[in-house]
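Raw contents of work_19.json, JSON, C-alpha atoms:
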[["chain", "number", "residue", "atom", "x", "y", "z"],
["A", 1, "MET", "CA", 1.93, -19.66, 5.35],
["A", 2, "THR", "CA", 0.70, -21.73, 8.28],
["A", 3, "GLY", "CA", -2.99, -21.92, 9.13],
["A", 4, "TRP", "CA", -2.78, -19.99, 12.39],
["A", 5, "VAL", "CA", -0.83, -17.17, 10.76],
["A", 6, "ASN", "CA", -3.45, -16.89, 8.03],
["A", 7, "VAL", "CA", -6.31, -16.84, 10.56],
["A", 8, "THR", "CA", -4.51, -14.26, 12.70],
["A", 9, "ARG", "CA", -4.00, -11.96, 9.73],
["A", 10, "GLN", "CA", -7.61, -12.36, 8.64],
["A", 11, "VAL", "CA", -8.78, -11.37, 12.14],
["A", 12, "LEU", "CA", -6.39, -8.41, 12.16],
["A", 13, "ARG", "CA", -7.69, -7.34, 8.75],
["A", 14, "TRP", "CA", -11.25, -7.22, 10.09],
["A", 15, "LEU", "CA", -10.18, -5.26, 13.16],
["A", 16, "ILE", "CA", -8.29, -2.79, 10.97],
["A", 17, "PHE", "CA", -11.28, -2.47, 8.64],
["A", 18, "ILE", "CA", -13.60, -1.67, 11.57],
["A", 19, "SER", "CA", -11.09, 0.83, 12.95],
["A", 20, "MET", "CA", -10.78, 2.60, 9.59],
["A", 21, "ARG", "CA", -14.56, 2.77, 9.29],
["A", 22, "LEU", "CA", -14.69, 4.43, 12.69],
["A", 23, "CYS", "CA", -11.88, 6.90, 11.89],
["A", 24, "TYR", "CA", -12.96, 7.81, 8.36],
["A", 25, "ARG", "CA", -16.03, 7.99, 6.16],
["A", 26, "LEU", "CA", -14.47, 5.43, 3.89],
["A", 27, "GLN", "CA", -15.70, 4.61, 0.40],
["A", 28, "VAL", "CA", -14.18, 1.56, -1.28],
["A", 29, "HIS", "CA", -14.71, 0.69, -4.94],
["A", 30, "GLY", "CA", -13.53, -2.31, -6.92],
["A", 31, "ARG", "CA", -12.68, -4.70, -4.08],
["A", 32, "HIS", "CA", -13.75, -7.54, -6.39],
["A", 33, "HIS", "CA", -10.72, -6.84, -8.59],
["A", 34, "ILE", "CA", -8.46, -8.44, -5.98],
["A", 35, "PRO", "CA", -8.51, -12.16, -6.84],
["A", 36, "LYS", "CA", -10.11, -14.46, -4.29],
["A", 37, "HIS", "CA", -7.20, -16.89, -4.61],
["A", 38, "GLY", "CA", -3.63, -16.80, -5.81],
["A", 39, "ALA", "CA", -0.86, -14.26, -5.94],
["A", 40, "ALA", "CA", -1.26, -10.61, -6.90],
["A", 41, "LEU", "CA", 0.63, -7.36, -6.57],
["A", 42, "VAL", "CA", -1.24, -4.21, -5.47],
["A", 43, "VAL", "CA", 0.25, -0.78, -6.29],
["A", 44, "CYS", "CA", -1.08, 2.51, -4.93],
["A", 45, "ASN", "CA", -0.16, 6.18, -4.52],
["A", 46, "HIS", "CA", 1.31, 7.09, -1.12],
["A", 47, "VAL", "CA", -0.36, 9.92, 0.76],
["A", 48, "SER", "CA", 0.09, 9.29, 4.48],
["A", 49, "PHE", "CA", 1.27, 6.86, 7.13],
["A", 50, "MET", "CA", -2.35, 5.64, 7.39],
["A", 51, "ASP", "CA", -2.42, 4.38, 3.79],
["A", 52, "ALA", "CA", -1.32, 0.87, 4.69],
["A", 53, "LEU", "CA", -4.08, 0.53, 7.31],
["A", 54, "VAL", "CA", -6.75, 1.85, 4.94],
["A", 55, "LEU", "CA", -5.66, -0.49, 2.15],
["A", 56, "GLY", "CA", -5.16, -3.42, 4.50],
["A", 57, "GLY", "CA", -8.63, -3.03, 5.96],
["A", 58, "ALA", "CA", -10.31, -2.43, 2.60],
["A", 59, "SER", "CA", -8.76, -5.45, 0.90],
["A", 60, "PRO", "CA", -10.82, -8.66, 1.04],
["A", 61, "ARG", "CA", -7.56, -10.54, 1.67],
["A", 62, "PRO", "CA", -4.59, -9.83, 3.95],
["A", 63, "LEU", "CA", -1.89, -7.75, 2.29],
["A", 64, "ARG", "CA", 1.88, -8.17, 2.75],
["A", 65, "PHE", "CA", 3.24, -4.63, 2.73],
["A", 66, "VAL", "CA", 6.69, -3.68, 1.48],
["A", 67, "MET", "CA", 8.00, -0.91, 3.75],
["A", 68, "ASP", "CA", 11.20, 0.98, 4.58],
["A", 69, "GLN", "CA", 13.56, -0.89, 6.89],
["A", 70, "PRO", "CA", 13.99, 2.07, 9.32],
["A", 71, "ILE", "CA", 10.22, 2.24, 9.87],
["A", 72, "PHE", "CA", 9.98, -1.54, 10.18],
["A", 73, "ASP", "CA", 12.67, -1.42, 12.88],
["A", 74, "SER", "CA", 10.67, 1.01, 15.05],
["A", 75, "PRO", "CA", 11.09, -0.23, 18.66],
["A", 76, "TRP", "CA", 7.41, 0.39, 19.38],
["A", 77, "LEU", "CA", 5.87, -1.07, 16.22],
["A", 78, "LYS", "CA", 8.20, -3.78, 14.95],
["A", 79, "TRP", "CA", 6.17, -6.49, 16.68],
["A", 80, "TRP", "CA", 3.06, -5.30, 14.80],
["A", 81, "PHE", "CA", 4.82, -5.16, 11.43],
["A", 82, "GLN", "CA", 6.10, -8.70, 11.96],
["A", 83, "LEU", "CA", 2.64, -9.90, 12.97],
["A", 84, "VAL", "CA", 0.96, -8.56, 9.83],
["A", 85, "GLY", "CA", 3.78, -9.87, 7.64],
["A", 86, "ALA", "CA", 5.30, -6.59, 6.45],
["A", 87, "ILE", "CA", 8.35, -7.01, 4.22],
["A", 88, "PRO", "CA", 11.16, -4.54, 5.06],
["A", 89, "ILE", "CA", 13.29, -3.13, 2.28],
["A", 90, "GLU", "CA", 16.58, -1.25, 2.56],
["A", 91, "SER", "CA", 18.52, 0.54, -0.15],
["A", 92, "GLU", "CA", 21.51, -1.25, -1.62],
["A", 93, "ARG", "CA", 23.60, 1.81, -0.80],
["A", 94, "ARG", "CA", 22.87, 1.52, 2.92],
["A", 95, "SER", "CA", 23.08, -2.24, 3.15],
["A", 96, "PRO", "CA", 24.67, -4.26, 0.34],
["A", 97, "GLY", "CA", 22.57, -7.31, -0.43],
["A", 98, "ALA", "CA", 19.53, -5.99, 1.46],
["A", 99, "LEU", "CA", 17.56, -5.16, -1.67],
["A", 100, "ARG", "CA", 18.03, -8.65, -3.07],
["A", 101, "ARG", "CA", 16.93, -10.18, 0.23],
["A", 102, "ALA", "CA", 13.78, -8.06, 0.19],
["A", 103, "LEU", "CA", 13.04, -9.07, -3.40],
["A", 104, "ASP", "CA", 13.54, -12.70, -2.39],
["A", 105, "ASP", "CA", 10.97, -12.20, 0.41],
["A", 106, "VAL", "CA", 8.50, -10.61, -2.03],
["A", 107, "SER", "CA", 9.01, -13.46, -4.48],
["A", 108, "ALA", "CA", 8.52, -16.06, -1.74],
["A", 109, "ALA", "CA", 5.24, -14.43, -0.67],
["A", 110, "LEU", "CA", 3.95, -14.33, -4.23],
["A", 111, "ARG", "CA", 4.91, -17.93, -4.87],
["A", 112, "GLN", "CA", 2.94, -18.88, -1.76],
["A", 113, "GLY", "CA", -0.13, -17.31, -3.37],
["A", 114, "GLN", "CA", -0.22, -14.19, -1.20],
["A", 115, "VAL", "CA", -1.08, -10.58, -2.09],
["A", 116, "VAL", "CA", 1.81, -8.12, -1.82],
["A", 117, "MET", "CA", 1.32, -4.35, -1.61],
["A", 118, "VAL", "CA", 3.88, -1.75, -2.74],
["A", 119, "PHE", "CA", 3.95, 2.04, -2.94],
["A", 120, "PRO", "CA", 5.97, 2.61, -6.14],
["A", 121, "GLU", "CA", 6.66, 6.28, -5.36],
["A", 122, "GLY", "CA", 8.90, 5.02, -2.56],
["A", 123, "ARG", "CA", 7.97, 7.85, -0.17],
["A", 124, "LEU", "CA", 5.05, 9.92, 1.08],
["A", 125, "THR", "CA", 3.96, 12.59, -1.36],
["A", 126, "PRO", "CA", 5.34, 16.02, -0.32],
["A", 127, "ASP", "CA", 2.56, 17.96, -2.04],
["A", 128, "GLY", "CA", -0.48, 15.69, -2.38],
["A", 129, "GLU", "CA", 0.30, 14.81, -6.00],
["A", 130, "ILE", "CA", 1.47, 11.48, -7.43],
["A", 131, "HIS", "CA", 5.19, 11.46, -8.19],
["A", 132, "ALA", "CA", 7.14, 9.29, -10.61],
["A", 133, "PHE", "CA", 7.17, 5.59, -9.83],
["A", 134, "ARG", "CA", 10.61, 4.27, -8.99],
["A", 135, "ARG", "CA", 12.31, 1.24, -10.47],
["A", 136, "GLY", "CA", 11.58, -2.07, -8.82],
["A", 137, "LEU", "CA", 8.22, -3.12, -10.22],
["A", 138, "GLU", "CA", 9.91, -4.48, -13.32],
["A", 139, "THR", "CA", 12.26, -6.57, -11.19],
["A", 140, "ILE", "CA", 9.43, -8.00, -9.11],
["A", 141, "LEU", "CA", 7.34, -8.88, -12.16],
["A", 142, "ALA", "CA", 10.31, -10.28, -14.08],
["A", 143, "ARG", "CA", 10.71, -12.78, -11.26],
["A", 144, "ASP", "CA", 6.99, -13.52, -10.81],
["A", 145, "ASP", "CA", 4.55, -12.63, -13.57],
["A", 146, "VAL", "CA", 1.46, -12.08, -11.38],
["A", 147, "PRO", "CA", -1.61, -9.87, -11.88],
["A", 148, "VAL", "CA", -1.08, -6.25, -10.83],
["A", 149, "ILE", "CA", -3.99, -4.45, -9.16],
["A", 150, "PRO", "CA", -3.67, -0.65, -9.43],
["A", 151, "ALA", "CA", -5.30, 1.48, -6.72],
["A", 152, "GLY", "CA", -5.92, 5.19, -6.20],
["A", 153, "LEU", "CA", -6.38, 6.77, -2.78],
["A", 154, "ALA", "CA", -7.75, 10.24, -1.93],
["A", 155, "GLY", "CA", -8.76, 12.07, 1.22],
["A", 156, "LEU", "CA", -5.78, 11.55, 3.50],
["A", 157, "TRP", "CA", -3.79, 14.54, 2.25],
["A", 158, "GLY", "CA", -4.25, 17.14, 4.97],
["A", 159, "SER", "CA", -4.23, 14.64, 7.83],
["A", 160, "TRP", "CA", -1.61, 14.78, 10.56],
["A", 161, "THR", "CA", -0.11, 11.58, 9.13],
["A", 162, "SER", "CA", 0.63, 13.30, 5.80],
["A", 163, "HIS", "CA", 3.24, 15.94, 4.97],
["A", 164, "HIS", "CA", 0.56, 18.60, 4.53],
["A", 165, "GLY", "CA", 1.42, 21.69, 6.57],
["A", 166, "GLY", "CA", 4.61, 20.18, 7.97],
["A", 167, "LYS", "CA", 6.33, 16.87, 8.59],
["A", 168, "ALA", "CA", 4.01, 13.90, 9.08],
["A", 169, "LEU", "CA", 3.29, 12.89, 12.70],
["A", 170, "LYS", "CA", 4.74, 16.19, 13.96],
["A", 171, "LYS", "CA", 1.36, 17.92, 14.10],
["A", 172, "TYR", "CA", -1.78, 17.51, 16.19],
["A", 173, "PRO", "CA", -4.74, 15.70, 14.62],
["A", 174, "LYS", "CA", -7.37, 18.19, 13.47],
["A", 175, "ARG", "CA", -9.79, 16.02, 11.54],
["A", 176, "PHE", "CA", -12.04, 13.15, 12.55],
["A", 177, "ARG", "CA", -14.28, 11.09, 10.30],
["A", 178, "ALA", "CA", -12.82, 12.75, 7.22],
["A", 179, "PRO", "CA", -14.09, 11.37, 3.90],
["A", 180, "VAL", "CA", -11.64, 8.98, 2.24],
["A", 181, "SER", "CA", -12.07, 7.22, -1.10],
["A", 182, "LEU", "CA", -10.18, 4.21, -2.43],
["A", 183, "HIS", "CA", -10.54, 2.76, -5.92],
["A", 184, "PHE", "CA", -9.11, -0.62, -6.97],
["A", 185, "GLY", "CA", -8.81, -1.11, -10.73],
["A", 186, "PRO", "CA", -8.99, -4.21, -12.94],
["A", 187, "PRO", "CA", -5.92, -6.48, -12.90],
["A", 188, "LEU", "CA", -3.14, -5.77, -15.36],
["A", 189, "ASN", "CA", -0.69, -8.31, -16.71],
["A", 190, "ARG", "CA", 2.93, -7.69, -17.60],
["A", 191, "LEU", "CA", 2.09, -8.49, -21.21],
["A", 192, "ASP", "CA", -0.21, -5.44, -21.30],
["A", 193, "ALA", "CA", 2.91, -3.27, -21.70],
["A", 194, "ASP", "CA", 6.53, -3.88, -22.56],
["A", 195, "ASP", "CA", 9.07, -3.68, -19.74],
["A", 196, "MET", "CA", 10.29, -0.23, -20.76],
["A", 197, "ALA", "CA", 6.79, 1.26, -20.47],
["A", 198, "LEU", "CA", 5.55, -0.78, -17.53],
["A", 199, "ARG", "CA", 6.10, 1.81, -14.82],
["A", 200, "ARG", "CA", 4.53, 4.62, -16.84],
["A", 201, "PHE", "CA", 1.62, 2.36, -17.76],
["A", 202, "LEU", "CA", 0.90, 1.51, -14.12],
["A", 203, "GLU", "CA", 1.49, 5.09, -13.01],
["A", 204, "ALA", "CA", -1.12, 6.29, -15.51],
["A", 205, "ARG", "CA", -3.65, 3.77, -14.19],
["A", 206, "VAL", "CA", -3.03, 4.81, -10.58],
["A", 207, "ARG", "CA", -3.40, 8.48, -11.56],
["A", 208, "ALA", "CA", -6.74, 7.74, -13.22],
["A", 209, "LEU", "CA", -7.98, 5.84, -10.17],
["A", 210, "LYS", "CA", -6.89, 8.64, -7.84],
["A", 211, "ALA", "CA", -8.78, 11.11, -10.06],
["A", 212, "ALA", "CA", -11.89, 8.96, -9.65],
["A", 213, "ALA", "CA", -11.35, 8.91, -5.88],
["A", 214, "ASP", "CA", -10.92, 12.71, -5.89],
["A", 215, "GLN", "CA", -14.21, 13.02, -7.78],
["A", 216, "ASP", "CA", -15.97, 10.97, -5.10],
["A", 217, "LEU", "CA", -14.84, 13.50, -2.49],
["A", 218, "ALA", "CA", -15.81, 16.45, -4.70],
["A", 219, "ASN", "CA", -19.33, 15.02, -5.06],
["A", 220, "LEU", "CA", -19.76, 15.20, -1.29],
["A", 221, "HIS", "CA", -19.47, 19.00, -1.36]]

Written as structure tokens, that's how I'd like the structure from this file.
Amino acid sequence: MTGWVNVTRQVLRWLIFISMRLCYRLQVHGRHHIPKHGAALVVCNHVSFMDALVLGGASPRPLRFVMDQPIFDSPWLKWWFQLVGAIPIESERRSPGALRRALDDVSAALRQGQVVMVFPEGRLTPDGEIHAFRRGLETILARDDVPVIPAGLAGLWGSWTSHHGGKALKKYPKRFRAPVSLHFGPPLNRLDADDMALRRFLEARVRALKAAADQDLANLH
């Protein structure tokens, strides 16, 4: 990654962080678990379309987000996704070879020492709960055995960018400065679990971190 791209993404990260602090009463725990240098993979539950901004602002380093190709191709936002280095992914069924190209892009980012962020559920939660992680993590880690940072996010379910009360982005915003909690956990290595159990192992860690984030919000009441 060239120097100016890195500086641009660092500046954008600070702007996003400030914006998220203005929009939400944001609590962030465990930022130190993201390594100061070198590659890492961050995995988190997926609550709303604001998740990427919250995580991107809260991280001490710029994150390369893996996101659906149709969203990446949005005529109004594609320039932004390209600027922040989002990695689009398309299903093999829709576009043969697209999944392998996306995995190649993820691998290239990791081998350049960057931090990549994925939502293993593969979609926004329809009910506020964490759903089963999809296949893909094993493939990424089989290619590049990097530390995995689990994260749990709470507080965005109920926002207009979540599926609470109807389709996301199809409702009017009703909340401002809502409390939001994000917990990063200690790094995990692929050797901490065999390949067959890896997804369930990571899913359990994300569930525990989300429970801790939920408790933060409960303590405010």

Measuring between all atoms listed in the file, which one of A:Tyr172, A:Trp157, A:Trp4, A:Phe133 shows the shortest distance to Val206 of chain A? A:Phe133

Can you pull out the residues contacting Val5 of chain A? Cut-off 12 Å, using all atoms listed in the file, and skip same-chain residues under 2 positions away; I want them as a list of chain:residue names.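 In the requested format, the answer is A:Met1, A:Thr2, A:Gly3, A:Val7, A:Thr8, A:Arg9, A:Gln10, A:Val11, A:Leu12, A:Pro62, A:Gln82, A:Leu83, A:Val84, A:Gly85.
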
Residue neighbourhood Gly152 of chain A, 10 Å, all atoms listed in the file, exclusion window fewer than 4 positions, as a compact mmCIF listing (two decimals) with C-alpha atoms, in the coordinates of the input:
# COMPACT_ATOMS: atom_id res chain seq x y z
CA HIS A 29 -14.71 0.69 -4.94
CA VAL A 43 0.25 -0.78 -6.29
CA CYS A 44 -1.08 2.51 -4.93
CA ASN A 45 -0.16 6.18 -4.52
CA HIS A 46 1.31 7.09 -1.12
CA ILE A 130 1.47 11.48 -7.43
CA SER A 181 -12.07 7.22 -1.10
CA LEU A 182 -10.18 4.21 -2.43
CA HIS A 183 -10.54 2.76 -5.92
CA PHE A 184 -9.11 -0.62 -6.97
CA GLY A 185 -8.81 -1.11 -10.73
CA ARG A 205 -3.65 3.77 -14.19
CA VAL A 206 -3.03 4.81 -10.58
CA ARG A 207 -3.40 8.48 -11.56
CA ALA A 208 -6.74 7.74 -13.22
CA LEU A 209 -7.98 5.84 -10.17
CA LYS A 210 -6.89 8.64 -7.84
CA ALA A 211 -8.78 11.11 -10.06
CA ALA A 212 -11.89 8.96 -9.65
CA ALA A 213 -11.35 8.91 -5.88
CA ASP A 214 -10.92 12.71 -5.89

Please report the interatomic distance between atom CA of Arg134 of chain A and atom CA of His163 of chain A in Å with one decimal. 19.6 Å

Counting only C-alpha atoms, what is within 12 Å of segment 198-201 of chain A, bar same-chain residues fewer than 6 positions away, as a PyMOL selection string? chain A and resi 43+120-121+131-142+148+150+188-192+207-208
